[in-house]
$ cat my_file-v9.txt   # compact mmCIF, C-alpha atoms
# COMPACT_ATOMS: atom_id res chain seq x y z
CA MET J 23 117.15 169.61 102.38
CA SER J 24 117.09 165.82 102.55
CA ALA J 25 118.81 165.88 105.95
CA GLU J 26 116.07 168.12 107.29
CA ALA J 27 113.37 165.87 105.90
CA GLY J 28 115.06 162.84 107.43
CA ALA J 29 115.43 164.48 110.83
CA ALA J 30 111.92 165.88 110.98
CA PRO J 31 109.96 162.67 111.80
CA ASP J 32 112.12 162.00 114.89
CA GLY J 33 111.14 165.28 116.50
CA GLY J 34 107.68 165.15 115.00
CA ALA J 35 106.75 161.82 116.60
CA ALA J 36 106.33 163.48 119.97
CA ALA J 37 104.60 166.65 118.79
CA PRO J 38 103.10 166.51 115.31
CA GLY J 39 101.87 170.09 115.52
CA THR J 40 105.30 171.61 116.10
CA GLU J 41 106.81 169.46 113.40
CA GLU J 42 104.35 170.85 110.87
CA LEU J 43 105.02 174.36 112.09
CA GLY J 44 108.78 174.01 112.00
CA LYS J 45 108.77 172.81 108.41
CA VAL J 46 106.82 175.78 107.08
CA ARG J 47 109.00 178.84 106.77
CA ARG J 48 107.22 182.13 106.71
CA PRO J 49 108.13 184.06 103.57
CA ARG J 50 110.06 187.25 104.11
CA ALA J 51 109.51 190.43 102.14
CA PRO J 52 112.49 191.42 99.95
CA ARG J 53 112.19 195.08 101.12
CA THR J 54 113.04 196.34 97.66
CA ALA J 55 111.27 199.70 97.89
CA ALA J 56 112.71 200.65 101.27
CA ALA J 57 116.18 199.58 100.19
CA ALA J 58 115.97 201.59 96.96
CA LEU J 59 114.77 204.68 98.85
CA VAL J 60 117.50 204.50 101.51
CA ALA J 61 120.15 203.82 98.88
CA THR J 62 119.02 206.85 96.84
CA VAL J 63 119.04 209.18 99.84
CA VAL J 64 122.46 208.06 101.08
CA LEU J 65 123.81 208.17 97.52
CA VAL J 66 122.66 211.76 97.00
CA VAL J 67 123.94 212.99 100.37
CA ALA J 68 127.29 211.21 100.17
CA GLY J 69 127.73 212.20 96.51
CA ALA J 70 127.11 215.89 97.21
CA LEU J 71 129.45 215.82 100.19
CA LEU J 72 132.15 214.03 98.22
CA TYR J 73 131.90 216.54 95.37
CA ASP J 74 132.15 219.48 97.72
CA VAL J 75 135.04 218.05 99.73
CA ILE J 76 137.01 217.42 96.54
CA GLU J 77 136.23 220.94 95.33
CA VAL J 78 137.50 222.44 98.57
CA ARG J 79 140.64 220.32 98.39
CA ALA J 80 141.14 221.66 94.86
CA GLY J 81 141.19 225.18 96.25
CA ARG J 82 137.68 226.44 95.59
CA PRO J 83 135.50 227.76 98.42
CA ALA J 84 132.93 225.46 100.02
CA ARG J 85 129.32 225.66 98.91
CA ARG J 86 127.03 227.70 101.06
CA TRP J 87 124.90 224.74 102.22
CA ARG J 88 127.90 222.93 103.61
CA ALA J 89 129.26 225.98 105.37
CA GLN J 90 125.84 226.68 106.83
CA ILE J 91 125.35 223.13 108.11
CA ALA J 92 128.83 223.07 109.63
CA ASP J 93 128.15 226.44 111.25
CA GLU J 94 124.81 225.31 112.72
CA LEU J 95 126.31 222.11 114.07
CA ALA J 96 129.14 224.04 115.69
CA THR J 97 126.98 226.74 117.32
CA ARG J 98 123.69 225.12 118.26
CA HIS J 99 123.76 223.44 121.65
CA LEU J 100 122.29 220.08 122.46
CA ASP J 101 119.24 221.50 124.25
CA ASP J 102 118.32 223.62 121.20
CA LEU J 103 114.79 222.81 120.05
CA TRP J 104 115.79 222.01 116.47
CA VAL J 105 118.59 219.73 117.56
CA LEU J 106 116.16 217.82 119.78
CA VAL J 107 113.55 217.63 117.02
CA GLY J 108 116.15 216.40 114.58
CA ALA J 109 117.43 213.82 117.05
CA GLY J 110 113.88 212.64 117.74
CA ALA J 111 113.19 212.29 114.02
CA ALA J 112 116.45 210.38 113.54
CA THR J 113 115.55 208.06 116.41
CA LEU J 114 112.10 207.33 114.99
CA LEU J 115 113.41 206.85 111.45
CA GLY J 116 116.21 204.61 112.70
CA GLY J 117 113.80 202.52 114.74
CA TRP J 118 111.51 202.16 111.75
CA LEU J 119 114.34 201.07 109.44
CA LEU J 120 115.46 198.58 112.09
CA TRP J 121 111.92 197.24 112.28
CA LEU J 122 111.83 196.90 108.49
CA ALA J 123 115.09 194.97 108.65
CA ILE J 124 113.92 192.54 111.33
CA ALA J 125 110.20 192.01 110.76
CA PRO J 126 109.31 189.39 108.14
CA GLY J 127 106.66 191.52 106.48
CA LEU J 128 104.11 190.12 104.00
CA ARG J 129 101.41 190.32 106.66
CA ARG J 130 98.75 190.07 103.96
CA TRP J 131 99.60 186.45 103.23
CA LEU J 132 98.92 183.36 105.29
CA VAL J 133 101.07 180.33 104.56
CA LEU J 134 99.31 177.11 103.60
CA ARG J 135 100.52 173.61 104.32
CA PRO J 136 103.16 172.76 101.70
CA TYR J 137 102.42 169.96 99.29
CA GLY J 138 105.38 168.40 97.49
CA GLY J 139 107.60 171.12 96.10
CA THR J 140 104.89 173.74 96.12
CA THR J 141 104.54 176.26 98.91
CA ALA J 142 101.55 178.54 98.85
CA ALA J 143 100.13 181.50 100.69
CA VAL J 144 96.60 182.78 100.59
CA ASP J 145 95.41 186.35 100.83
CA ARG J 146 93.86 187.11 104.24
CA ALA J 147 91.07 189.02 102.55
CA GLY J 148 90.49 185.93 100.39
CA ILE J 149 89.83 183.85 103.52
CA GLY J 150 87.34 186.52 104.55
CA HIS J 151 85.62 186.17 101.17
CA LEU J 152 85.41 182.39 101.55
CA LEU J 153 83.90 182.68 105.03
CA ARG J 154 81.44 185.33 103.92
CA ASP J 155 80.31 183.26 100.95
CA ARG J 156 79.88 180.23 103.20
CA ALA J 157 77.89 182.28 105.71
CA ALA J 158 75.70 183.68 102.94
CA GLY J 159 74.19 180.20 102.53
CA LEU J 160 73.17 180.01 106.19
CA ALA J 161 69.76 181.09 107.43
CA GLY J 162 69.18 183.57 110.22
CA ILE J 163 72.10 185.93 109.61
CA ASP J 164 71.06 189.53 109.03
CA HIS J 165 74.52 190.93 109.06
CA LEU J 166 78.00 189.57 109.41
CA ARG J 167 81.32 191.25 110.07
CA ILE J 168 84.41 189.15 109.50
CA ARG J 169 87.89 190.23 110.44
CA VAL J 170 90.69 187.90 109.47
CA GLY J 171 93.78 188.42 111.59
CA ARG J 172 97.03 186.55 111.28
CA ARG J 173 96.27 184.25 114.19
CA ARG J 174 92.53 184.34 114.57
CA VAL J 175 89.35 185.17 112.75
CA ARG J 176 86.75 187.26 114.51
CA VAL J 177 83.18 187.03 113.32
CA ALA J 178 80.45 189.26 114.68
CA LEU J 179 76.97 188.39 113.55
CA VAL J 180 73.61 190.05 113.89
CA GLY J 181 70.56 187.87 113.50
CA PRO J 182 68.64 185.00 115.02
CA ALA J 183 71.15 182.31 113.96
CA ASP J 184 72.83 180.18 116.62
CA PRO J 185 76.48 181.25 116.95
CA ALA J 186 77.60 177.70 117.72
CA SER J 187 76.23 176.27 114.50
CA VAL J 188 77.62 179.19 112.50
CA GLN J 189 80.96 178.57 114.16
CA ARG J 190 80.80 174.91 113.17
CA GLN J 191 80.12 175.77 109.54
CA LEU J 192 82.83 178.42 109.37
CA ARG J 193 85.29 176.12 111.15
CA GLU J 194 84.70 173.56 108.42
CA GLU J 195 85.41 176.20 105.78
CA LEU J 196 88.58 177.33 107.56
CA ASP J 197 89.85 173.77 107.83
CA ARG J 198 89.28 173.39 104.10
CA VAL J 199 91.63 176.33 103.45
CA GLY J 200 94.44 174.42 105.16
CA ALA J 201 96.57 177.14 106.75
CA ALA J 202 99.94 175.88 108.02
CA ARG J 203 99.26 177.45 111.39
CA PRO J 204 95.59 176.83 112.22
CA LEU J 205 93.56 179.97 112.77
CA ARG J 206 91.47 180.44 115.86
CA LEU J 207 87.84 181.26 115.20
CA ASP J 208 85.72 183.46 117.44
CA VAL J 209 82.05 183.80 116.57
CA ARG J 210 79.96 186.10 118.70
CA THR J 211 76.68 187.85 118.30
CA ALA J 212 76.96 191.60 118.08
CA GLY J 213 73.82 191.92 120.23
CA GLY J 214 75.38 189.93 123.03
CA ARG J 215 78.45 192.07 123.13
CA ARG J 216 76.55 195.33 123.32
CA ALA J 217 73.75 194.01 125.46
CA GLY J 218 73.77 196.90 127.91
CA ARG J 219 73.38 199.63 125.32
CA GLY J 220 71.50 197.70 122.66
CA ALA J 221 68.66 196.73 125.03
CA ARG J 222 67.75 200.32 125.68
CA THR J 223 68.12 201.89 122.27
CA GLU J 224 66.91 199.02 120.09
CA PRO J 225 64.36 196.95 121.97
CA ALA J 226 63.07 195.42 118.73
CA ASP J 227 66.48 193.96 117.87
CA GLY J 228 67.06 192.71 121.39
CA THR J 229 63.82 190.73 121.63
CA GLU J 230 64.27 189.38 118.12
CA SER J 231 67.67 187.88 118.83
CA GLY J 232 66.52 186.70 122.26
CA THR J 233 63.60 184.67 120.95
CA GLY J 234 65.34 183.74 117.72
CA THR J 235 68.17 181.70 119.21
CA GLU J 236 65.97 178.68 119.87
CA SER J 237 64.33 178.68 116.47
CA GLY J 238 67.63 179.66 114.84
CA THR J 239 69.25 176.33 115.63
CA GLY J 240 66.43 174.55 113.86
CA VAL J 241 66.68 176.80 110.82
CA ALA J 242 70.42 176.53 110.47
CA GLU J 243 70.52 172.75 110.73
CA MET V 27 117.11 189.53 100.01
CA VAL V 28 119.40 189.23 103.00
CA VAL V 29 121.61 192.11 101.84
CA ASN V 30 118.68 194.52 101.92
CA ARG V 31 117.81 193.56 105.46
CA VAL V 32 121.40 193.83 106.70
CA LEU V 33 121.98 197.24 105.10
CA LEU V 34 118.61 198.59 106.26
CA GLY V 35 119.48 197.37 109.74
CA VAL V 36 122.91 199.04 109.67
CA VAL V 37 121.46 202.38 108.52
CA GLY V 38 118.70 202.05 111.10
CA VAL V 39 121.09 201.32 113.95
CA LEU V 40 123.33 204.27 113.01
CA LEU V 41 120.38 206.68 112.88
CA LEU V 42 118.91 205.29 116.09
CA GLY V 43 122.21 205.45 117.92
CA ALA V 44 122.98 209.03 116.86
CA GLY V 45 119.44 210.17 117.68
CA VAL V 46 119.43 208.55 121.12
CA LEU V 47 122.88 209.94 121.92
CA VAL V 48 121.86 213.52 121.07
CA LEU V 49 118.52 213.16 122.86
CA ALA V 50 120.17 211.79 125.98
CA GLY V 51 122.62 214.68 126.06
CA GLY V 52 120.09 217.35 125.14
CA LEU V 53 117.51 216.28 127.72
CA ASP V 54 120.26 215.90 130.33
CA LEU V 55 119.26 212.31 130.99
CA TYR V 56 122.68 211.33 132.40
CA ARG V 57 122.41 213.74 135.34
CA ARG V 58 118.73 213.11 135.95
CA LEU V 59 119.17 209.37 136.01
CA GLY V 60 122.39 209.62 138.03
CA ALA V 61 124.39 207.78 135.41
CA HIS V 62 128.08 208.50 135.02
CA PRO V 63 129.21 207.85 131.47
CA PRO V 64 132.94 207.18 130.92
CA HIS V 65 135.01 210.28 130.25
CA TRP V 66 135.37 209.61 126.52
CA TRP V 67 131.58 209.36 126.07
CA PRO V 68 130.42 212.07 123.62
CA LEU V 69 127.58 214.57 124.00
CA THR V 70 126.93 214.42 127.72
CA SER V 71 126.04 218.02 128.56
CA PRO V 72 123.11 220.03 127.14
CA ASP V 73 125.27 223.16 127.03
CA GLN V 74 127.68 221.68 124.57
CA PRO V 75 127.43 222.24 120.80
CA VAL V 76 126.58 219.27 118.59
CA VAL V 77 130.04 219.33 117.04
CA SER V 78 132.46 220.96 119.44
CA ALA V 79 135.47 222.96 118.28
CA ARG V 80 137.75 220.35 119.81
CA SER V 81 136.23 217.43 117.93
CA ARG V 82 136.19 219.57 114.79
CA GLY V 83 139.87 220.27 114.89
CA ARG V 84 140.99 216.94 116.29
CA TRP V 85 141.99 215.24 113.05
CA VAL V 86 141.76 217.97 110.41
CA ASP V 87 145.45 218.78 110.63
CA SER V 88 146.51 215.16 110.31
CA ALA V 89 147.86 214.24 106.90
CA TRP V 90 145.61 211.19 106.62
CA TRP V 91 142.31 212.95 107.42
CA TRP V 92 141.19 214.29 104.04
CA PRO V 93 142.29 211.28 101.99
CA THR V 94 140.41 209.08 104.45
CA VAL V 95 137.27 211.21 104.23
CA ILE V 96 137.38 211.28 100.43
CA GLY V 97 138.11 207.57 100.24
CA GLY V 98 135.34 206.71 102.68
CA LEU V 99 132.80 208.85 100.86
CA ALA V 100 133.84 207.37 97.51
CA VAL V 101 133.40 203.84 98.85
CA LEU V 102 130.00 204.85 100.27
CA VAL V 103 128.88 206.34 96.94
CA VAL V 104 129.99 203.28 94.96
CA GLY V 105 128.41 200.91 97.47
CA MET V 106 125.10 202.76 97.46
CA ALA V 107 125.09 202.87 93.65
CA TRP V 108 125.61 199.09 93.58
CA TRP V 109 122.83 198.61 96.12
CA LEU V 110 120.46 200.78 94.13
CA VAL V 111 121.24 198.97 90.88
CA ALA V 112 120.66 195.64 92.63
CA GLN V 113 117.13 196.82 93.52
CA LEU V 114 116.32 198.01 90.01
CA ARG V 115 117.57 194.82 88.35
CA ARG V 116 114.80 192.48 87.30
CA THR V 117 114.37 189.40 89.43
CA GLY V 118 113.28 187.39 86.40
CA LEU V 119 115.40 184.94 84.48
CA SER V 120 115.71 184.77 80.72
CA SER V 121 116.31 181.04 80.52
CA ILE V 122 116.83 177.94 82.61
CA ALA V 123 119.51 175.25 82.18
CA VAL V 124 118.19 171.81 81.34
CA PRO V 125 120.24 168.70 82.15
CA THR V 126 121.30 166.53 79.22
CA PRO V 127 122.16 163.15 80.73
CA GLY V 128 124.19 160.78 78.59
CA VAL V 129 125.13 163.46 76.05
CA SER V 130 128.48 165.14 76.50
CA GLY V 131 129.32 168.52 75.06
CA LEU V 132 125.73 169.66 74.77
CA ARG V 133 124.35 172.43 76.92
CA LEU V 134 120.69 173.09 76.66
CA ARG V 135 118.76 176.08 77.90
CA VAL V 136 115.01 176.56 77.72
CA SER V 137 113.57 180.04 77.41
CA ALA V 138 111.96 181.18 80.62
CA ARG V 139 109.11 182.74 78.65
CA ALA V 140 108.23 179.36 77.09
CA LEU V 141 108.23 177.67 80.49
CA GLU V 142 106.18 180.47 82.03
CA GLU V 143 103.60 180.34 79.27
CA ALA V 144 103.28 176.58 79.51
CA MET V 145 102.84 176.83 83.28
CA GLU V 146 100.31 179.64 82.94
CA THR V 147 98.10 177.78 80.49
CA GLY V 148 98.47 174.62 82.57
CA THR V 149 97.40 176.45 85.72
CA ALA V 150 94.59 178.45 84.13
CA VAL V 151 92.71 175.28 83.14
CA LEU V 152 92.75 173.88 86.68
CA PRO V 153 89.34 173.88 88.36
CA GLU V 154 88.18 177.11 90.04
CA VAL V 155 91.05 179.18 88.62
CA GLU V 156 90.00 182.56 87.31
CA ARG V 157 93.38 183.92 86.32
CA ALA V 158 96.93 182.67 86.68
CA GLY V 159 100.34 184.22 86.13
CA VAL V 160 103.64 182.38 86.56
CA ARG V 161 107.15 183.83 86.58
CA LEU V 162 110.52 182.16 86.79
CA VAL V 163 112.66 184.04 89.30
CA ARG V 164 116.19 183.71 90.55
CA ALA V 165 116.53 182.46 94.09
CA PRO V 166 119.40 181.23 96.23
CA GLY V 167 120.42 177.76 95.06
CA HIS V 168 117.92 177.09 92.32
CA PRO V 169 115.47 179.06 90.15
CA ARG V 170 111.94 179.10 91.51
CA LEU V 171 108.53 179.42 89.97
CA ARG V 172 106.39 182.16 91.42
CA GLY V 173 102.72 181.98 90.67
CA ALA V 174 99.89 184.43 91.32
CA VAL V 175 96.52 182.73 91.09
CA ARG V 176 93.04 184.18 91.46
CA LEU V 177 90.32 181.71 92.39
CA THR V 178 86.64 182.04 91.61
CA PRO V 179 84.32 182.67 94.60
CA GLY V 180 84.24 179.70 96.95
CA GLY V 181 87.38 178.22 95.40
CA ASP V 182 89.46 175.81 97.44
CA PRO V 183 93.08 176.96 97.97
CA ALA V 184 94.30 173.62 99.36
CA ALA V 185 92.85 171.75 96.37
CA LEU V 186 94.48 174.22 94.00
CA VAL V 187 97.88 173.59 95.60
CA GLU V 188 97.43 169.85 95.12
CA HIS V 189 96.23 170.22 91.53
CA PHE V 190 99.11 172.57 90.73
CA GLU V 191 101.68 170.25 92.27
CA ASP V 192 100.35 167.11 90.62
CA GLY V 193 99.60 168.79 87.29
CA PRO V 194 101.67 171.61 85.78
CA ARG V 195 104.62 171.50 88.15
CA THR V 196 105.18 167.75 87.92
CA ASP V 197 104.70 167.89 84.14
CA ALA V 198 107.26 170.70 83.82
CA CYS V 199 109.80 168.89 86.01
CA ARG V 200 109.34 165.66 84.06
CA SER V 201 109.42 167.14 80.58
CA LEU V 202 112.47 169.30 81.32
CA GLY V 203 114.16 166.52 83.31
CA LEU V 204 114.82 168.86 86.21
CA PRO V 205 115.47 167.24 89.59
CA GLU V 206 113.73 170.10 91.35
CA LEU V 207 111.83 173.22 90.46
CA PRO V 208 110.25 174.59 93.63
CA ALA V 209 107.23 176.84 93.34
CA ASP V 210 105.60 179.52 95.47
CA LEU V 211 101.95 180.31 94.90
CA ARG V 212 100.17 183.46 95.99
CA ILE V 213 96.47 182.72 96.01
CA ARG V 214 93.62 185.19 96.10
CA VAL V 215 89.97 184.32 96.30
CA LEU V 216 87.26 186.47 94.80
CA GLN V 217 84.04 187.33 96.58
CA ALA V 218 80.66 186.33 95.24
CA ALA V 219 78.65 189.34 96.40
CA PRO V 220 80.88 192.28 97.24
CA ALA V 221 80.21 195.58 99.01
CA GLU V 222 76.50 195.17 99.72
CA PRO V 223 76.59 193.98 103.36
CA ARG V 224 79.23 196.49 104.30
CA ARG V 225 77.08 199.41 103.16
CA ARG V 226 74.15 198.14 105.19
CA TRP V 227 76.31 197.91 108.28
CA ARG V 228 77.50 201.47 107.93
CA ARG V 229 73.95 202.76 107.59
CA ARG V 230 72.91 200.80 110.62
CA ARG V 231 75.73 202.18 112.71
CA ARG V 232 75.03 205.72 111.65
CA ARG V 233 71.41 205.38 112.59
CA GLN V 234 72.40 203.95 115.90
CA SER V 235 74.79 206.76 116.73
CA ARG V 236 72.13 209.29 115.87
CA VAL V 237 69.80 207.63 118.36
CA LEU V 238 72.46 207.75 121.02

$ encode --input "my_file-v9.txt" --output "structure tokens"
Amino acid sequence: MSAEAGAAPDGGAAAPGTEELGKVRRPRAPRTAAAALVATVVLVVAGALLYDVIEVRAGRPARRWRAQIADELATRHLDDLWVLVGAGAATLLGGWLLWLAIAPGLRRWLVLRPYGGTTAAVDRAGIGHLLRDRAAGLAGIDHLRIRVGRRRVRVALVGPADPASVQRQLREELDRVGAARPLRLDVRTAGGRRAGRGARTEPADGTESGTGTESGTGVAE
Amino acid sequence: MVVNRVLLGVVGVLLLGAGVLVLAGGLDLYRRLGAHPPHWWPLTSPDQPVVSARSRGRWVDSAWWWPTVIGGLAVLVVGMAWWLVAQLRRTGLSSIAVPTPGVSGLRLRVSARALEEAMETGTAVLPEVERAGVRLVRAPGHPRLRGAVRLTPGGDPAALVEHFEDGPRTDACRSLGLPELPADLRIRVLQAAPAEPRRRWRRRRRRQSRVL
């Protein structure tokens, strides 16, 4: 721990951003539920098989399910539909379990810059709430849609407000949150994105946002 | 937990490997792609049963086969039972050891519940905190504090981290004399005016689609 802290400034002198990033470890999900589920399934299957094998060794006949499965496996060929379906399902399930094993998980949480011995993560939806509350105090926004991703925040706004000034305000709010890896912020007007269709179907909205941009800057600042 | 990830990965790789092997044989991929697997490679032809008579009878007559199968299954059952129990076990601690410098022969432990309650009340009175819960959990190396904090609308997560570090955590470390007691916080922020804008958006979109 102390060795890492001592070594960090050397590398960090050249690139302070990477030094900050390298120090913050992303938390990894413990995968308790998936592990419990897989353990239960394997336990049941292996336990039943073990019981039956011991019974057969003790001289009793095999249970019907085991005889049937052995029979199917011995007679069905590889190009049988059920064999292919089963193999496909096994492939998908195996790939998913492998993904669970490798991916860090906890995608809901964004890591904040550590302070002393405290590491913290904030809910992504919580960042959306903060941005929405900040935007609620700005003039000229009729509607706002905020999507908080893990690397960037996308804001689509409808209204006469100037996107640049809204972006400035929201940037300030995002910087206040203090995420360890800074989030990118995209602010765009919904009218601008759908200009081709919106102009025809909603002429009132189109003219409003067109004339409003000039006055919007004055209102917002 | 690293064990969970390793075991999930092992089960996943086994399933994936078996599935791909059967699929490759069943769809006759080797011939279509012109690949020539080595002669010991299993399941190469679509006309072959999943478990051929030859592979069925290969080891059954050997004296070691059934003891090995029973032993392997028994080990698997015991291992899976251990793994399952490890998941169901609580991650919490009942108490934490407190150093007693200068006094020999005295071992002191503080109840985790007392520490958790002190931390919770200490965190709940910090500015902008709506609700706080703190647990002491086992972690590799040293016990950790794990806090779940809900902030009032507009609350400042970065300020909360600083207040928590300088207030309750430092106090706890100092009063218990612990050299380190790392903490993880999970912070949520409430919304001032929920649901209303979203409903308006949906109505607007519906109207728009009807026009189109």

$ interface_residues --input "my_file-v9.txt" --of "chain J" --to "chain V" --cutoff "7 Å" --atoms "all atoms listed in the file" --output "PyMOL selection string"
chain J and resi 52-54+57-58+61-62+64-65+68-69+72+95-101+106+109-110+112-113+116-117+119-120+123+137-145+148+151-152+155+165+198-200

$ residues_around --input "my_file-v9.txt" --residues "region 173-178 of chain J" --least-positions-apart "2" --cutoff "9 Å" --atoms "all atoms listed in the file" --output "VMD selection string"
chain J and resid 150 165 to 171 180 189 203 to 212

$ closest_residue --input "my_file-v9.txt" --among "V:Val129, V:Val151, V:Val124, V:Val163" --to "Ser201 (chain V)" --atoms "all atoms listed in the file"
V:Val124

$ atom_distance --input "my_file-v9.txt" --atom1 "CA of Leu196 (chain J)" --atom2 "CA of Ala158 (chain V)"
23.1 Å

$ atom_distance --input "my_file-v9.txt" --atom1 "CA of Pro169 (chain V)" --atom2 "CA of Arg200 (chain V)"
15.9 Å

$ build_atoms --input "my_file-v9.txt" --residues "region 177-193 of chain V" --atoms "N, CA, C and O atoms" --output "tab-separated table (two decimals), in the coordinates of the input"
chain	number	residue	atom	x	y	z
V	177	LEU	N	91.35	182.76	92.42
V	177	LEU	CA	90.32	181.71	92.39
V	177	LEU	C	88.94	182.33	92.29
V	177	LEU	O	88.71	183.45	92.77
V	178	THR	N	88.03	181.60	91.68
V	178	THR	CA	86.64	182.04	91.61
V	178	THR	C	86.04	181.97	93.01
V	178	THR	O	86.56	181.30	93.89
V	179	PRO	N	84.91	182.67	93.26
V	179	PRO	CA	84.32	182.67	94.60
V	179	PRO	C	84.08	181.25	95.10
V	179	PRO	O	83.61	180.39	94.37
V	180	GLY	N	84.42	181.02	96.36
V	180	GLY	CA	84.24	179.70	96.95
V	180	GLY	C	85.31	178.70	96.56
V	180	GLY	O	85.21	177.53	96.91
V	181	GLY	N	86.33	179.14	95.84
V	181	GLY	CA	87.38	178.22	95.40
V	181	GLY	C	88.16	177.66	96.58
V	181	GLY	O	88.22	178.25	97.64
V	182	ASP	N	88.78	176.51	96.34
V	182	ASP	CA	89.46	175.81	97.44
V	182	ASP	C	90.98	175.95	97.27
V	182	ASP	O	91.57	175.34	96.39
V	183	PRO	N	91.64	176.76	98.12
V	183	PRO	CA	93.08	176.96	97.97
V	183	PRO	C	93.88	175.67	98.13
V	183	PRO	O	94.83	175.44	97.36
V	184	ALA	N	93.52	174.84	99.12
V	184	ALA	CA	94.30	173.62	99.36
V	184	ALA	C	94.22	172.69	98.15
V	184	ALA	O	95.22	172.09	97.73
V	185	ALA	N	93.01	172.60	97.54
V	185	ALA	CA	92.85	171.75	96.37
V	185	ALA	C	93.66	172.31	95.20
V	185	ALA	O	94.25	171.55	94.43
V	186	LEU	N	93.70	173.63	95.09
V	186	LEU	CA	94.48	174.22	94.00
V	186	LEU	C	95.95	173.86	94.15
V	186	LEU	O	96.60	173.51	93.15
V	187	VAL	N	96.47	173.93	95.39
V	187	VAL	CA	97.88	173.59	95.60
V	187	VAL	C	98.14	172.16	95.16
V	187	VAL	O	99.13	171.87	94.48
V	188	GLU	N	97.23	171.25	95.51
V	188	GLU	CA	97.43	169.85	95.12
V	188	GLU	C	97.35	169.69	93.61
V	188	GLU	O	98.16	169.00	93.00
V	189	HIS	N	96.36	170.32	92.99
V	189	HIS	CA	96.23	170.22	91.53
V	189	HIS	C	97.45	170.79	90.83
V	189	HIS	O	97.95	170.23	89.85
V	190	PHE	N	97.95	171.93	91.34
V	190	PHE	CA	99.11	172.57	90.73
V	190	PHE	C	100.33	171.67	90.85
V	190	PHE	O	101.09	171.48	89.89
V	191	GLU	N	100.51	171.10	92.04
V	191	GLU	CA	101.68	170.25	92.27
V	191	GLU	C	101.62	168.99	91.40
V	191	GLU	O	102.61	168.61	90.78
V	192	ASP	N	100.47	168.37	91.37
V	192	ASP	CA	100.35	167.11	90.62
V	192	ASP	C	100.27	167.35	89.12
V	192	ASP	O	100.61	166.47	88.33
V	193	GLY	N	99.78	168.53	88.72
V	193	GLY	CA	99.60	168.79	87.29
V	193	GLY	C	100.78	169.53	86.68
V	193	GLY	O	101.81	168.93	86.39
